[in-house]
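Peer 1: Supplied structure: model.pdb, PDB, C-alpha atoms.
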```pdb
MODEL        1
ATOM      1  CA  MET P  21    -185.141 -12.469 -16.807
ATOM      2  CA  PRO P  22    -184.981  -8.756 -17.708
ATOM      3  CA  GLU P  23    -187.681  -6.507 -16.296
ATOM      4  CA  PRO P  24    -190.571  -6.005 -18.766
ATOM      5  CA  LEU P  25    -191.543  -2.522 -19.818
ATOM      6  CA  VAL P  26    -195.273  -3.253 -19.624
ATOM      7  CA  SER P  27    -197.410  -5.261 -17.214
ATOM      8  CA  VAL P  28    -200.903  -6.110 -18.431
ATOM      9  CA  VAL P  29    -203.303  -6.826 -15.562
ATOM     10  CA  VAL P  30    -206.461  -8.836 -16.254
ATOM     11  CA  ALA P  31    -208.811  -8.995 -13.276
ATOM     12  CA  THR P  32    -211.221 -11.902 -13.711
ATOM     13  CA  PHE P  33    -214.101 -13.513 -11.885
ATOM     14  CA  GLU P  34    -215.883 -16.651 -13.114
ATOM     15  CA  ARG P  35    -215.777 -15.892 -16.824
ATOM     16  CA  ALA P  36    -213.302 -18.507 -18.022
ATOM     17  CA  ASP P  37    -214.655 -18.647 -21.584
ATOM     18  CA  LEU P  38    -214.423 -14.882 -22.031
ATOM     19  CA  LEU P  39    -211.028 -14.827 -20.311
ATOM     20  CA  ARG P  40    -209.648 -17.316 -22.851
ATOM     21  CA  ARG P  41    -210.549 -14.987 -25.733
ATOM     22  CA  CYS P  42    -209.052 -12.028 -23.890
ATOM     23  CA  LEU P  43    -205.758 -13.864 -23.318
ATOM     24  CA  HIS P  44    -205.564 -15.099 -26.900
ATOM     25  CA  ALA P  45    -205.755 -11.470 -28.058
ATOM     26  CA  LEU P  46    -203.011 -10.454 -25.620
ATOM     27  CA  VAL P  47    -200.521 -13.175 -26.567
ATOM     28  CA  ARG P  48    -200.954 -12.170 -30.231
ATOM     29  CA  GLN P  49    -199.858  -8.593 -29.680
ATOM     30  CA  THR P  50    -197.372  -7.218 -32.202
ATOM     31  CA  PHE P  51    -195.351  -5.658 -29.365
ATOM     32  CA  ASP P  52    -192.092  -7.412 -28.415
ATOM     33  CA  PRO P  53    -193.218 -10.394 -26.253
ATOM     34  CA  ALA P  54    -190.085 -10.085 -24.138
ATOM     35  CA  ALA P  55    -191.019  -6.519 -23.218
ATOM     36  CA  PHE P  56    -194.380  -7.236 -21.570
ATOM     37  CA  GLU P  57    -195.975  -9.636 -19.123
ATOM     38  CA  ILE P  58    -199.566 -10.705 -18.538
ATOM     39  CA  ILE P  59    -200.797 -10.959 -14.958
ATOM     40  CA  VAL P  60    -204.141 -12.719 -14.555
ATOM     41  CA  VAL P  61    -205.671 -12.013 -11.154
ATOM     42  CA  ASP P  62    -208.292 -14.625 -10.298
ATOM     43  CA  ASN P  63    -210.715 -12.981  -7.884
ATOM     44  CA  ASP P  64    -211.694 -16.215  -6.111
ATOM     45  CA  SER P  65    -213.490 -17.857  -9.045
ATOM     46  CA  ALA P  66    -215.243 -21.201  -8.679
ATOM     47  CA  ASP P  67    -215.058 -22.082 -12.394
ATOM     48  CA  ALA P  68    -212.174 -23.212 -14.629
ATOM     49  CA  THR P  69    -210.289 -19.900 -14.491
ATOM     50  CA  ARG P  70    -207.021 -21.356 -13.152
ATOM     51  CA  GLU P  71    -207.052 -24.203 -15.684
ATOM     52  CA  THR P  72    -207.819 -21.768 -18.518
ATOM     53  CA  VAL P  73    -204.795 -19.627 -17.648
ATOM     54  CA  GLN P  74    -202.603 -22.716 -17.377
ATOM     55  CA  ARG P  75    -203.698 -23.995 -20.801
ATOM     56  CA  VAL P  76    -203.099 -20.655 -22.518
ATOM     57  CA  ALA P  77    -199.705 -20.322 -20.812
ATOM     58  CA  ALA P  78    -198.674 -23.863 -21.817
ATOM     59  CA  ALA P  79    -199.512 -23.161 -25.475
ATOM     60  CA  ASN P  80    -197.810 -19.781 -25.436
ATOM     61  CA  HIS P  81    -194.454 -20.816 -26.932
ATOM     62  CA  GLY P  82    -192.168 -17.835 -27.383
ATOM     63  CA  GLY P  83    -194.848 -15.415 -26.240
ATOM     64  CA  PRO P  84    -195.033 -13.060 -23.266
ATOM     65  CA  ALA P  85    -194.789 -14.342 -19.722
ATOM     66  CA  ILE P  86    -198.169 -15.196 -18.215
ATOM     67  CA  ARG P  87    -198.545 -15.239 -14.442
ATOM     68  CA  TYR P  88    -201.520 -16.434 -12.420
ATOM     69  CA  VAL P  89    -202.314 -14.607  -9.157
ATOM     70  CA  LEU P  90    -205.103 -15.517  -6.743
ATOM     71  CA  GLU P  91    -206.852 -12.735  -4.811
ATOM     72  CA  THR P  92    -209.410 -14.277  -2.439
ATOM     73  CA  THR P  93    -210.999 -11.003  -1.272
ATOM     74  CA  ARG P  94    -213.693 -10.410  -3.830
ATOM     75  CA  GLY P  95    -213.795  -7.054  -5.562
ATOM     76  CA  VAL P  96    -212.405  -5.776  -8.845
ATOM     77  CA  SER P  97    -210.408  -3.121  -6.980
ATOM     78  CA  TRP P  98    -208.850  -5.772  -4.751
ATOM     79  CA  ALA P  99    -207.922  -7.750  -7.872
ATOM     80  CA  ARG P 100    -206.412  -4.781  -9.701
ATOM     81  CA  ASN P 101    -204.412  -3.816  -6.644
ATOM     82  CA  ALA P 102    -203.079  -7.370  -6.434
ATOM     83  CA  GLY P 103    -201.967  -7.037 -10.053
ATOM     84  CA  LEU P 104    -200.410  -3.677  -9.283
ATOM     85  CA  ARG P 105    -198.342  -5.219  -6.469
ATOM     86  CA  GLU P 106    -197.152  -8.027  -8.752
ATOM     87  CA  ALA P 107    -196.390  -5.819 -11.766
ATOM     88  CA  ARG P 108    -192.745  -5.431 -12.781
ATOM     89  CA  GLY P 109    -193.261  -3.031 -15.702
ATOM     90  CA  SER P 110    -193.180   0.746 -15.475
ATOM     91  CA  ILE P 111    -196.397   0.941 -17.530
ATOM     92  CA  LEU P 112    -199.438  -0.859 -16.155
ATOM     93  CA  CYS P 113    -202.191  -1.694 -18.651
ATOM     94  CA  CYS P 114    -205.620  -2.779 -17.440
ATOM     95  CA  VAL P 115    -208.051  -4.722 -19.586
ATOM     96  CA  ASP P 116    -211.148  -6.607 -18.457
ATOM     97  CA  ASP P 117    -211.603 -10.337 -18.929
ATOM     98  CA  ASP P 118    -214.535  -9.716 -21.291
ATOM     99  CA  ALA P 119    -212.594  -7.377 -23.616
ATOM    100  CA  ILE P 120    -210.612  -8.161 -26.760
ATOM    101  CA  ALA P 121    -207.680  -5.859 -27.520
ATOM    102  CA  PRO P 122    -206.447  -5.239 -31.091
ATOM    103  CA  PRO P 123    -202.984  -6.617 -32.029
ATOM    104  CA  GLU P 124    -201.369  -3.160 -31.849
ATOM    105  CA  TRP P 125    -202.917  -2.311 -28.470
ATOM    106  CA  ILE P 126    -199.810  -2.414 -26.270
ATOM    107  CA  GLY P 127    -197.576  -0.878 -28.927
ATOM    108  CA  LEU P 128    -199.921   2.081 -29.393
ATOM    109  CA  MET P 129    -200.133   2.657 -25.634
ATOM    110  CA  VAL P 130    -196.352   2.581 -25.229
ATOM    111  CA  ASP P 131    -195.807   4.857 -28.237
ATOM    112  CA  ALA P 132    -198.168   7.443 -26.726
ATOM    113  CA  PHE P 133    -196.275   7.408 -23.425
ATOM    114  CA  ARG P 134    -192.989   7.855 -25.302
ATOM    115  CA  THR P 135    -193.860  10.404 -27.977
ATOM    116  CA  VAL P 136    -196.861  12.534 -26.965
ATOM    117  CA  LYS P 137    -195.974  15.927 -25.477
ATOM    118  CA  PRO P 138    -196.577  16.900 -22.757
ATOM    119  CA  ALA P 139    -195.957  13.347 -21.599
ATOM    120  CA  PRO P 140    -199.158  11.609 -20.483
ATOM    121  CA  GLN P 141    -199.429   9.786 -17.170
ATOM    122  CA  VAL P 142    -202.525   7.895 -18.299
ATOM    123  CA  VAL P 143    -203.410   6.647 -21.786
ATOM    124  CA  GLY P 144    -206.639   4.931 -22.758
ATOM    125  CA  GLY P 145    -209.124   4.289 -25.483
ATOM    126  CA  PRO P 146    -212.731   3.487 -26.331
ATOM    127  CA  ALA P 147    -214.709   0.282 -26.033
ATOM    128  CA  PHE P 148    -217.285  -0.909 -28.543
ATOM    129  CA  PRO P 149    -219.846  -3.686 -28.060
ATOM    130  CA  LEU P 150    -219.357  -7.244 -29.252
ATOM    131  CA  TYR P 151    -222.696  -8.981 -28.770
ATOM    132  CA  THR P 152    -222.475 -12.634 -27.787
ATOM    133  CA  GLY P 153    -226.023 -13.212 -29.054
ATOM    134  CA  ARG P 154    -228.437 -11.355 -31.301
ATOM    135  CA  ARG P 155    -228.907  -7.653 -30.636
ATOM    136  CA  PRO P 156    -232.582  -6.603 -30.587
ATOM    137  CA  SER P 157    -233.411  -4.105 -33.338
ATOM    138  CA  TRP P 158    -234.374  -1.426 -30.809
ATOM    139  CA  TYR P 159    -231.164  -1.746 -28.769
ATOM    140  CA  LYS P 160    -228.639   0.964 -29.639
ATOM    141  CA  ASP P 161    -224.884   0.376 -29.817
ATOM    142  CA  ALA P 162    -224.513   3.698 -28.006
ATOM    143  CA  TYR P 163    -225.833   2.061 -24.824
ATOM    144  CA  GLU P 164    -222.700  -0.120 -24.662
ATOM    145  CA  THR P 165    -220.143   2.261 -26.187
ATOM    146  CA  ALA P 166    -217.543   4.093 -24.105
ATOM    147  CA  SER P 167    -215.890   6.709 -26.313
ATOM    148  CA  TRP P 168    -214.537  10.247 -26.220
ATOM    149  CA  GLY P 169    -214.742  10.706 -29.976
ATOM    150  CA  ASP P 170    -212.762   9.893 -33.107
ATOM    151  CA  ARG P 171    -209.663  12.045 -32.604
ATOM    152  CA  PRO P 172    -206.724  11.740 -30.185
ATOM    153  CA  ARG P 173    -206.710  14.411 -27.496
ATOM    154  CA  TYR P 174    -206.078  15.139 -23.851
ATOM    155  CA  LEU P 175    -209.126  14.574 -21.704
ATOM    156  CA  GLY P 176    -210.548  17.438 -19.712
ATOM    157  CA  ARG P 177    -211.883  17.673 -16.205
ATOM    158  CA  PHE P 178    -214.573  15.097 -15.359
ATOM    159  CA  GLU P 179    -213.441  12.915 -18.286
ATOM    160  CA  TYR P 180    -211.786   9.602 -17.501
ATOM    161  CA  PHE P 181    -211.370   6.009 -18.691
ATOM    162  CA  TYR P 182    -212.951   2.793 -17.520
ATOM    163  CA  GLY P 183    -210.704   0.013 -16.285
ATOM    164  CA  LEU P 184    -211.360  -2.199 -19.286
ATOM    165  CA  ASN P 185    -209.045  -0.155 -21.546
ATOM    166  CA  VAL P 186    -206.477   2.035 -19.811
ATOM    167  CA  ALA P 187    -202.742   2.265 -19.126
ATOM    168  CA  PHE P 188    -201.102   4.030 -16.177
ATOM    169  CA  ASP P 189    -197.700   5.276 -15.198
ATOM    170  CA  LYS P 190    -197.303   2.572 -12.554
ATOM    171  CA  ASP P 191    -195.289   4.682 -10.131
ATOM    172  CA  LEU P 192    -197.977   7.363 -10.114
ATOM    173  CA  LEU P 193    -200.706   4.790  -9.541
ATOM    174  CA  VAL P 194    -198.734   3.370  -6.620
ATOM    175  CA  LYS P 195    -198.222   6.876  -5.238
ATOM    176  CA  ALA P 196    -201.979   7.488  -5.473
ATOM    177  CA  GLY P 197    -202.676   4.326  -3.475
ATOM    178  CA  GLY P 198    -204.097   2.133  -6.210
ATOM    179  CA  PHE P 199    -207.823   1.486  -6.516
ATOM    180  CA  ASP P 200    -210.324   2.092  -3.722
ATOM    181  CA  THR P 201    -211.328  -1.370  -2.473
ATOM    182  CA  GLY P 202    -214.657  -0.047  -1.208
ATOM    183  CA  LEU P 203    -215.817   0.681  -4.754
ATOM    184  CA  GLY P 204    -216.441  -1.399  -7.863
ATOM    185  CA  MET P 205    -217.809  -4.868  -8.575
ATOM    186  CA  LYS P 206    -217.555  -7.386  -5.740
ATOM    187  CA  GLY P 207    -217.987 -10.917  -6.991
ATOM    188  CA  HIS P 208    -221.531 -11.235  -8.317
ATOM    189  CA  VAL P 209    -222.619  -7.901  -6.812
ATOM    190  CA  LEU P 210    -222.820  -4.811  -9.014
ATOM    191  CA  GLY P 211    -220.639  -1.888  -8.012
ATOM    192  CA  PHE P 212    -219.246   1.195  -9.735
ATOM    193  CA  ALA P 213    -217.290   4.467  -9.420
ATOM    194  CA  GLU P 214    -213.847   2.966  -8.774
ATOM    195  CA  ASP P 215    -212.602   4.293 -12.121
ATOM    196  CA  ALA P 216    -213.770   7.867 -11.583
ATOM    197  CA  GLU P 217    -212.515   7.866  -7.999
ATOM    198  CA  VAL P 218    -208.988   6.767  -8.841
ATOM    199  CA  PHE P 219    -208.626   9.612 -11.349
ATOM    200  CA  ASP P 220    -209.351  12.055  -8.540
ATOM    201  CA  ARG P 221    -206.475  10.681  -6.491
ATOM    202  CA  LEU P 222    -204.176  10.403  -9.485
ATOM    203  CA  GLY P 223    -204.641  14.130 -10.052
ATOM    204  CA  LYS P 224    -203.666  14.875  -6.470
ATOM    205  CA  ALA P 225    -200.669  12.549  -6.660
ATOM    206  CA  ALA P 226    -199.578  14.335  -9.858
ATOM    207  CA  GLY P 227    -199.634  17.683  -8.090
ATOM    208  CA  GLY P 228    -202.972  18.789  -9.483
ATOM    209  CA  ARG P 229    -202.057  18.404 -13.161
ATOM    210  CA  LEU P 230    -202.835  14.988 -14.610
ATOM    211  CA  ASN P 231    -202.143  14.441 -18.317
ATOM    212  CA  VAL P 232    -204.699  11.935 -19.586
ATOM    213  CA  TYR P 233    -204.421  11.095 -23.279
ATOM    214  CA  TYR P 234    -207.205   9.571 -25.352
ATOM    215  CA  LEU P 235    -206.143   7.311 -28.223
ATOM    216  CA  PRO P 236    -209.049   6.037 -30.379
ATOM    217  CA  LYS P 237    -206.888   3.473 -32.203
ATOM    218  CA  THR P 238    -206.590   1.446 -28.990
ATOM    219  CA  ALA P 239    -210.302   0.557 -29.108
ATOM    220  CA  VAL P 240    -211.232  -2.782 -27.549
ATOM    221  CA  LEU P 241    -214.276  -4.943 -28.195
ATOM    222  CA  HIS P 242    -216.382  -5.498 -25.091
ATOM    223  CA  ALA P 243    -218.445  -8.704 -24.905
ATOM    224  CA  ILE P 244    -222.125  -7.984 -24.195
ATOM    225  CA  PRO P 245    -224.204 -11.026 -23.155
ATOM    226  CA  ASP P 246    -227.919 -11.326 -23.848
ATOM    227  CA  ALA P 247    -228.729 -10.768 -20.169
ATOM    228  CA  ARG P 248    -227.470  -7.189 -20.415
ATOM    229  CA  LEU P 249    -229.840  -6.296 -23.250
ATOM    230  CA  SER P 250    -232.816  -5.980 -20.926
ATOM    231  CA  PRO P 251    -234.112  -2.499 -20.026
ATOM    232  CA  LEU P 252    -234.732  -3.675 -16.465
ATOM    233  CA  TYR P 253    -231.114  -4.812 -16.150
ATOM    234  CA  ARG P 254    -229.958  -1.413 -17.368
ATOM    235  CA  VAL P 255    -232.180   0.259 -14.763
ATOM    236  CA  LYS P 256    -230.745  -2.022 -12.086
ATOM    237  CA  ARG P 257    -227.226  -1.067 -13.150
ATOM    238  CA  GLY P 258    -228.232   2.576 -13.042
ATOM    239  CA  PHE P 259    -229.418   2.242  -9.449
ATOM    240  CA  ALA P 260    -226.175   0.495  -8.451
ATOM    241  CA  ASN P 261    -224.196   3.179 -10.270
ATOM    242  CA  GLY P 262    -225.960   5.858  -8.241
ATOM    243  CA  ARG P 263    -225.013   4.070  -5.047
ATOM    244  CA  GLY P 264    -221.381   4.032  -6.183
ATOM    245  CA  LEU P 265    -221.497   7.738  -7.012
ATOM    246  CA  TYR P 266    -222.735   8.447  -3.501
ATOM    247  CA  ASP P 267    -219.853   6.453  -2.002
ATOM    248  CA  TRP P 268    -217.447   8.404  -4.206
ATOM    249  CA  ASP P 269    -218.950  11.718  -3.118
ATOM    250  CA  THR P 270    -218.516  10.811   0.549
ATOM    251  CA  ARG P 271    -214.801  10.385  -0.142
ATOM    252  CA  ARG P 272    -214.283  13.589  -2.110
ATOM    253  CA  LEU P 273    -216.692  15.983  -0.384
ATOM    254  CA  PRO P 274    -214.092  17.345   2.087
ATOM    255  CA  ASP P 275    -211.917  18.424  -0.864
ATOM    256  CA  VAL P 276    -214.640  20.114  -2.940
ATOM    257  CA  PRO P 277    -213.856  23.881  -3.037
ATOM    258  CA  TRP P 278    -216.445  26.177  -1.430
ATOM    259  CA  VAL P 279    -218.514  23.181  -0.282
ATOM    260  CA  GLY P 280    -216.388  20.706   1.665
ATOM    261  CA  PRO P 281    -215.057  23.229   4.215
ATOM    262  CA  LEU P 282    -218.623  24.365   4.957
ATOM    263  CA  VAL P 283    -219.956  20.885   5.732
ATOM    264  CA  PRO P 284    -218.986  19.498   9.155
ATOM    265  CA  ALA P 285    -217.987  15.835   9.235
ATOM    266  CA  GLY P 286    -221.203  14.850  10.989
ATOM    267  CA  ALA P 287    -223.361  16.646   8.442
ATOM    268  CA  GLN P 288    -222.018  14.992   5.299
ATOM    269  CA  ARG P 289    -224.868  12.523   4.952
ATOM    270  CA  PRO P 290    -227.644  15.145   5.333
ATOM    271  CA  ALA P 291    -225.821  17.437   2.885
ATOM    272  CA  LEU P 292    -225.513  14.680   0.286
ATOM    273  CA  LEU P 293    -229.104  13.617   0.941
ATOM    274  CA  ALA P 294    -230.245  17.153   0.126
ATOM    275  CA  TRP P 295    -228.010  17.188  -2.955
ATOM    276  CA  GLY P 296    -229.468  13.866  -4.049
ATOM    277  CA  LEU P 297    -233.036  15.137  -3.638
ATOM    278  CA  LEU P 298    -232.239  18.214  -5.711
ATOM    279  CA  ARG P 299    -230.712  16.199  -8.554
ATOM    280  CA  LEU P 300    -233.546  13.661  -8.501
ATOM    281  CA  GLY P 301    -236.051  16.519  -8.835
ATOM    282  CA  MET P 302    -234.113  18.018 -11.736
ATOM    283  CA  THR P 303    -233.938  14.649 -13.493
ATOM    284  CA  LEU P 304    -237.661  14.055 -12.960
ATOM    285  CA  GLY P 305    -238.412  17.387 -14.571
ATOM    286  CA  LYS P 306    -236.168  16.611 -17.507
ATOM    287  CA  THR P 307    -237.786  13.193 -17.910
ATOM    288  CA  VAL P 308    -241.265  14.686 -18.085
ATOM    289  CA  LEU P 309    -240.184  17.259 -20.653
ATOM    290  CA  LEU P 310    -238.298  14.815 -22.874
ATOM    291  CA  SER P 311    -240.534  11.738 -22.624
ATOM    292  CA  PRO P 312    -242.397  12.313 -25.925
ATOM    293  CA  ARG P 313    -239.108  12.197 -27.818
ATOM    294  CA  THR P 314    -238.595   8.480 -27.052
ATOM    295  CA  PRO P 315    -241.571   6.562 -28.497
ATOM    296  CA  GLN P 316    -240.250   3.008 -27.963
ATOM    297  CA  PRO P 317    -240.979   1.854 -24.376
ATOM    298  CA  GLN P 318    -237.697  -0.078 -24.192
ATOM    299  CA  ASN P 319    -235.696   2.954 -25.235
ATOM    300  CA  TRP P 320    -237.676   5.156 -22.867
ATOM    301  CA  LEU P 321    -236.795   2.882 -19.941
ATOM    302  CA  ILE P 322    -233.110   3.028 -20.803
ATOM    303  CA  GLU P 323    -232.790   6.669 -21.843
ATOM    304  CA  ARG P 324    -235.137   8.150 -19.242
ATOM    305  CA  GLY P 325    -235.422   5.426 -16.629
ATOM    306  CA  VAL P 326    -231.707   4.818 -16.118
ATOM    307  CA  PRO P 327    -230.922   8.452 -15.151
ATOM    308  CA  LEU P 328    -233.837   8.321 -12.720
ATOM    309  CA  ALA P 329    -232.580   5.023 -11.321
ATOM    310  CA  ARG P 330    -229.100   6.507 -10.914
ATOM    311  CA  ARG P 331    -230.475   9.465  -8.947
ATOM    312  CA  SER P 332    -232.683   7.141  -6.909
ATOM    313  CA  GLY P 333    -229.727   4.884  -6.110
ATOM    314  CA  TYR P 334    -227.744   7.900  -4.939
ATOM    315  CA  LEU P 335    -230.624   9.074  -2.755
ATOM    316  CA  ALA P 336    -231.212   5.595  -1.329
ATOM    317  CA  ALA P 337    -227.536   5.270  -0.396
ATOM    318  CA  ALA P 338    -227.638   8.686   1.282
ATOM    319  CA  ALA P 339    -230.626   7.438   3.280
ATOM    320  CA  GLY P 340    -228.745   4.294   4.295
ATOM    321  CA  ILE P 341    -230.647   1.949   1.962
ATOM    322  CA  THR P 342    -228.160  -0.175   0.003
ATOM    323  CA  PRO P 343    -229.759  -3.205  -1.695
ATOM    324  CA  ALA P 344    -227.375  -5.529  -3.541
ATOM    325  CA  PHE P 345    -227.984  -6.237  -7.229
ATOM    326  CA  LEU P 346    -226.304  -9.073  -9.093
ATOM    327  CA  ARG P 347    -224.383  -8.557 -12.312
ATOM    328  CA  SER P 348    -224.757 -10.608 -15.467
ATOM    329  CA  LYS P 349    -221.926 -12.933 -16.452
TER     330      LYS P 349
ENDMDL
END
```
Just give me the structure as structure tokens.
Peer 2:
Amino acid sequence: MPEPLVSVVVATFERADLLRRCLHALVRQTFDPAAFEIIVVDNDSADATRETVQRVAAANHGGPAIRYVLETTRGVSWARNAGLREARGSILCCVDDDAIAPPEWIGLMVDAFRTVKPAPQVVGGPAFPLYTGRRPSWYKDAYETASWGDRPRYLGRFEYFYGLNVAFDKDLLVKAGGFDTGLGMKGHVLGFAEDAEVFDRLGKAAGGRLNVYYLPKTAVLHAIPDARLSPLYRVKRGFANGRGLYDWDTRRLPDVPWVGPLVPAGAQRPALLAWGLLRLGMTLGKTVLLSPRTPQPQNWLIERGVPLARRSGYLAAAAGITPAFLRSK
């Protein structure tokens, strides 16, 4: 068989029903089915994930090749790296098992790589919520929206894509070392920062100039279960996110200009602990000043409590306190 141009990697863990919808959207792409493959990386699921992939593949007459890969070490970064090793295409697209891509998704990504100048090394798009139940009237779509606006553009520093809707120059991603297996979700345990961290290393692998192109038309729908619509769950995610940000900072601190060279290796934790205390204090002050602007208690918990939880999670990790929080399915 000829080598495909595009490899689509779907990392999945115990969400067979959502995975089926994701795969149905991928096999219905308008892009030439002979020019792309779908690699489903099962991250040691105990549900019907394998059987779901087999059923979709069996019904996929004349469609793209679908391959099932088992990665028994739990962690989304482990799963994506397994897909990266298996990929035969020069463009590697990542989409999560709970996302639904539009029919033109692959074609739009490929067209951007081919026609946009200067040539991008990463292309990605937004994600908008698709509620699996009934959204409470107070819950804002903005809480579940990942977007850089309505117009195509190159992203700037500190802007990046999440792994649920992004495409990479595969060779560059390989050169950068793939995803950091110490970061991100691990089975049922919440984890974050693997997306931001990999963009740091991609920039270094690209010689300090990484062209990241944002394409709004590639928007995916992201399934949001009822369990995620709780303010307390959002606060829990915020705390886990802060812990991930701390882990990311420990990796990048030596390379931070004017700071890293001044902090000896043995003093990294105290330095980040002090930095975490400073940011927590600043966020507390901001929360006190802005509290009257959020009258609904649920919205207050999300809009003011989550930033505080993020700072607290960072500070706890710097102090060596790392409780595990479970994700929703």
Peer 1: Any chance you could work out the residue set of the PyMOL selection byres ((chain P and resi 220-236) around 7) here, as a PDB file with C-alpha atoms, keeping the file's coordinate frame?
Peer 2:
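And here's selection_19.pdb as it stands now:
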```pdb
ATOM      1  CA  PRO P 140    -199.158  11.609 -20.483  1.00  0.00           C
ATOM      2  CA  GLN P 141    -199.429   9.786 -17.170  1.00  0.00           C
ATOM      3  CA  VAL P 142    -202.525   7.895 -18.299  1.00  0.00           C
ATOM      4  CA  VAL P 143    -203.410   6.647 -21.786  1.00  0.00           C
ATOM      5  CA  GLY P 144    -206.639   4.931 -22.758  1.00  0.00           C
ATOM      6  CA  GLY P 145    -209.124   4.289 -25.483  1.00  0.00           C
ATOM      7  CA  PRO P 146    -212.731   3.487 -26.331  1.00  0.00           C
ATOM      8  CA  ASP P 170    -212.762   9.893 -33.107  1.00  0.00           C
ATOM      9  CA  ARG P 171    -209.663  12.045 -32.604  1.00  0.00           C
ATOM     10  CA  PRO P 172    -206.724  11.740 -30.185  1.00  0.00           C
ATOM     11  CA  ARG P 173    -206.710  14.411 -27.496  1.00  0.00           C
ATOM     12  CA  TYR P 174    -206.078  15.139 -23.851  1.00  0.00           C
ATOM     13  CA  LEU P 175    -209.126  14.574 -21.704  1.00  0.00           C
ATOM     14  CA  LEU P 192    -197.977   7.363 -10.114  1.00  0.00           C
ATOM     15  CA  LEU P 193    -200.706   4.790  -9.541  1.00  0.00           C
ATOM     16  CA  LYS P 195    -198.222   6.876  -5.238  1.00  0.00           C
ATOM     17  CA  ALA P 196    -201.979   7.488  -5.473  1.00  0.00           C
ATOM     18  CA  ALA P 216    -213.770   7.867 -11.583  1.00  0.00           C
ATOM     19  CA  GLU P 217    -212.515   7.866  -7.999  1.00  0.00           C
ATOM     20  CA  VAL P 218    -208.988   6.767  -8.841  1.00  0.00           C
ATOM     21  CA  PHE P 219    -208.626   9.612 -11.349  1.00  0.00           C
ATOM     22  CA  LYS P 237    -206.888   3.473 -32.203  1.00  0.00           C
ATOM     23  CA  THR P 238    -206.590   1.446 -28.990  1.00  0.00           C
ATOM     24  CA  ALA P 239    -210.302   0.557 -29.108  1.00  0.00           C
TER      25      ALA P 239
END
```
Peer 1: Tell me which of P:His81, P:Ala285, P:His44, P:Tyr180 sits closest to P:Trp168, counting all atoms listed in the file.
Peer 2: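 Among the listed residues, P:Tyr180 lies closest to P:Trp168.
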Peer 1: Would you kindly return, as a list in words, each protein, DNA or RNA residue with an atom no farther than 10 Å from any atom of P:Arg154, considering only C-alpha atoms and excluding same-chain residues fewer than 6 positions away?
Peer 2: Pro245, Asp246 and Leu249 of chain P
Peer 1: Just checking: using all atoms listed in the file, which residue out of P:Ile59, P:Val279, P:Val240, P:Ile322 ends up closest to P:Arg254?
Peer 2: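 Going through P:Ile59, P:Val279, P:Val240, P:Ile322 one by one, the smallest distance to P:Arg254 is for P:Ile322.
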Peer 1: Nearest to P:Thr201 among P:Trp158, P:Phe148, P:Phe188, P:Trp98, with distances taken over all atoms listed in the file: which residue is it?
Peer 2: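 Using all atoms listed in the file, the shortest distance to P:Thr201 belongs to P:Trp98.
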Peer 1: Can you tell me how far atom CA of P:Leu300 sits from atom CA of P:Phe181, in Å to one decimal?
Peer 2: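 Atom-to-atom, atom CA of P:Leu300 to atom CA of P:Phe181, that is 25.6 Å.
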Peer 1: Between atom CA of P:Leu292 and atom CA of P:Gly204, measure the distance and give it in Å to one decimal.
Peer 2: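 Between these atoms lies a distance of 20.2 Å.
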Peer 1: Hey, can you check how far atom CA of P:Gly286 sits from atom CA of P:Phe199?
Peer 2: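 Rounded to one decimal, the two atoms are 25.8 Å apart.
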Peer 1: Can you list what the PyMOL selection byres ((chain P and resi 259) around 6) grabs from this structure, as an MDAnalysis selection string?
Peer 2: chainID P and resid 256:258 260:262 329:330 333
Peer 1: Applied to the shown file, which residues does the PyMOL selection byres ((chain P and resi 108) around 12) return, written as a count of residues only?
Peer 2: 28
Peer 1: Which of these residues is nearest to P:Pro327, using all atoms listed in the file: P:Pro284, P:Gly301, P:Gly197, P:Gly340?
Peer 2: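 Smallest distance to P:Pro327 is found for P:Gly301.
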Peer 1: Write out as a list in words each polymer residue whose atoms come within 10 Å of P:Leu46, counting all atoms listed in the file; drop sequence neighbours fewer than 3 positions from it.
Peer 2: Val28, Arg40, Arg41, Cys42, Leu43, Gln49, Thr50, Phe51, Pro53, Glu57, Ile58, Gly83, Pro84, Val115, Ile120, Ala121, Pro122, Pro123, Glu124, Trp125 and Ile126 of chain P
Peer 1: Produce the centre coordinates and the three edge lengths, each in Å to one decimal, of the box along x, y and z that contains all listed atoms of stretch 246-261 of chain P with 5 Å added on each side, as lines of an AutoDock Vina configuration file.
Peer 2:
```
center_x = -229.5
center_y = -4.1
center_z = -16.1
size_x = 20.5
size_y = 24.5
size_z = 25.4
```
Peer 1: Which of these residues is nearest to P:Lys306, using only C-alpha atoms: P:Arg289, P:Arg324, P:Phe345, P:Leu282?
Peer 2: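 Among P:Arg289, P:Arg324, P:Phe345, P:Leu282, it is P:Arg324 that comes nearest to P:Lys306.
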Peer 1: Which residue is closest to P:Asp267? Choose from P:Val283, P:Tyr253, P:Ala338, P:Pro290 and count all atoms listed in the file.
Peer 2: P:Ala338
Peer 1: Tell me, as a list in words, which residues lie within 9 Å of P:Ala119, counting only C-alpha atoms; anything in the same chain fewer than 3 positions away does not count.
Peer 2: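 These residues fall inside the cut-off: Leu38, Leu39, Arg41, Cys42, Val115, Asp116, Ala147, Leu150, Leu184, Asn185, Val240, Leu241, His242 and Ala243 of chain P.
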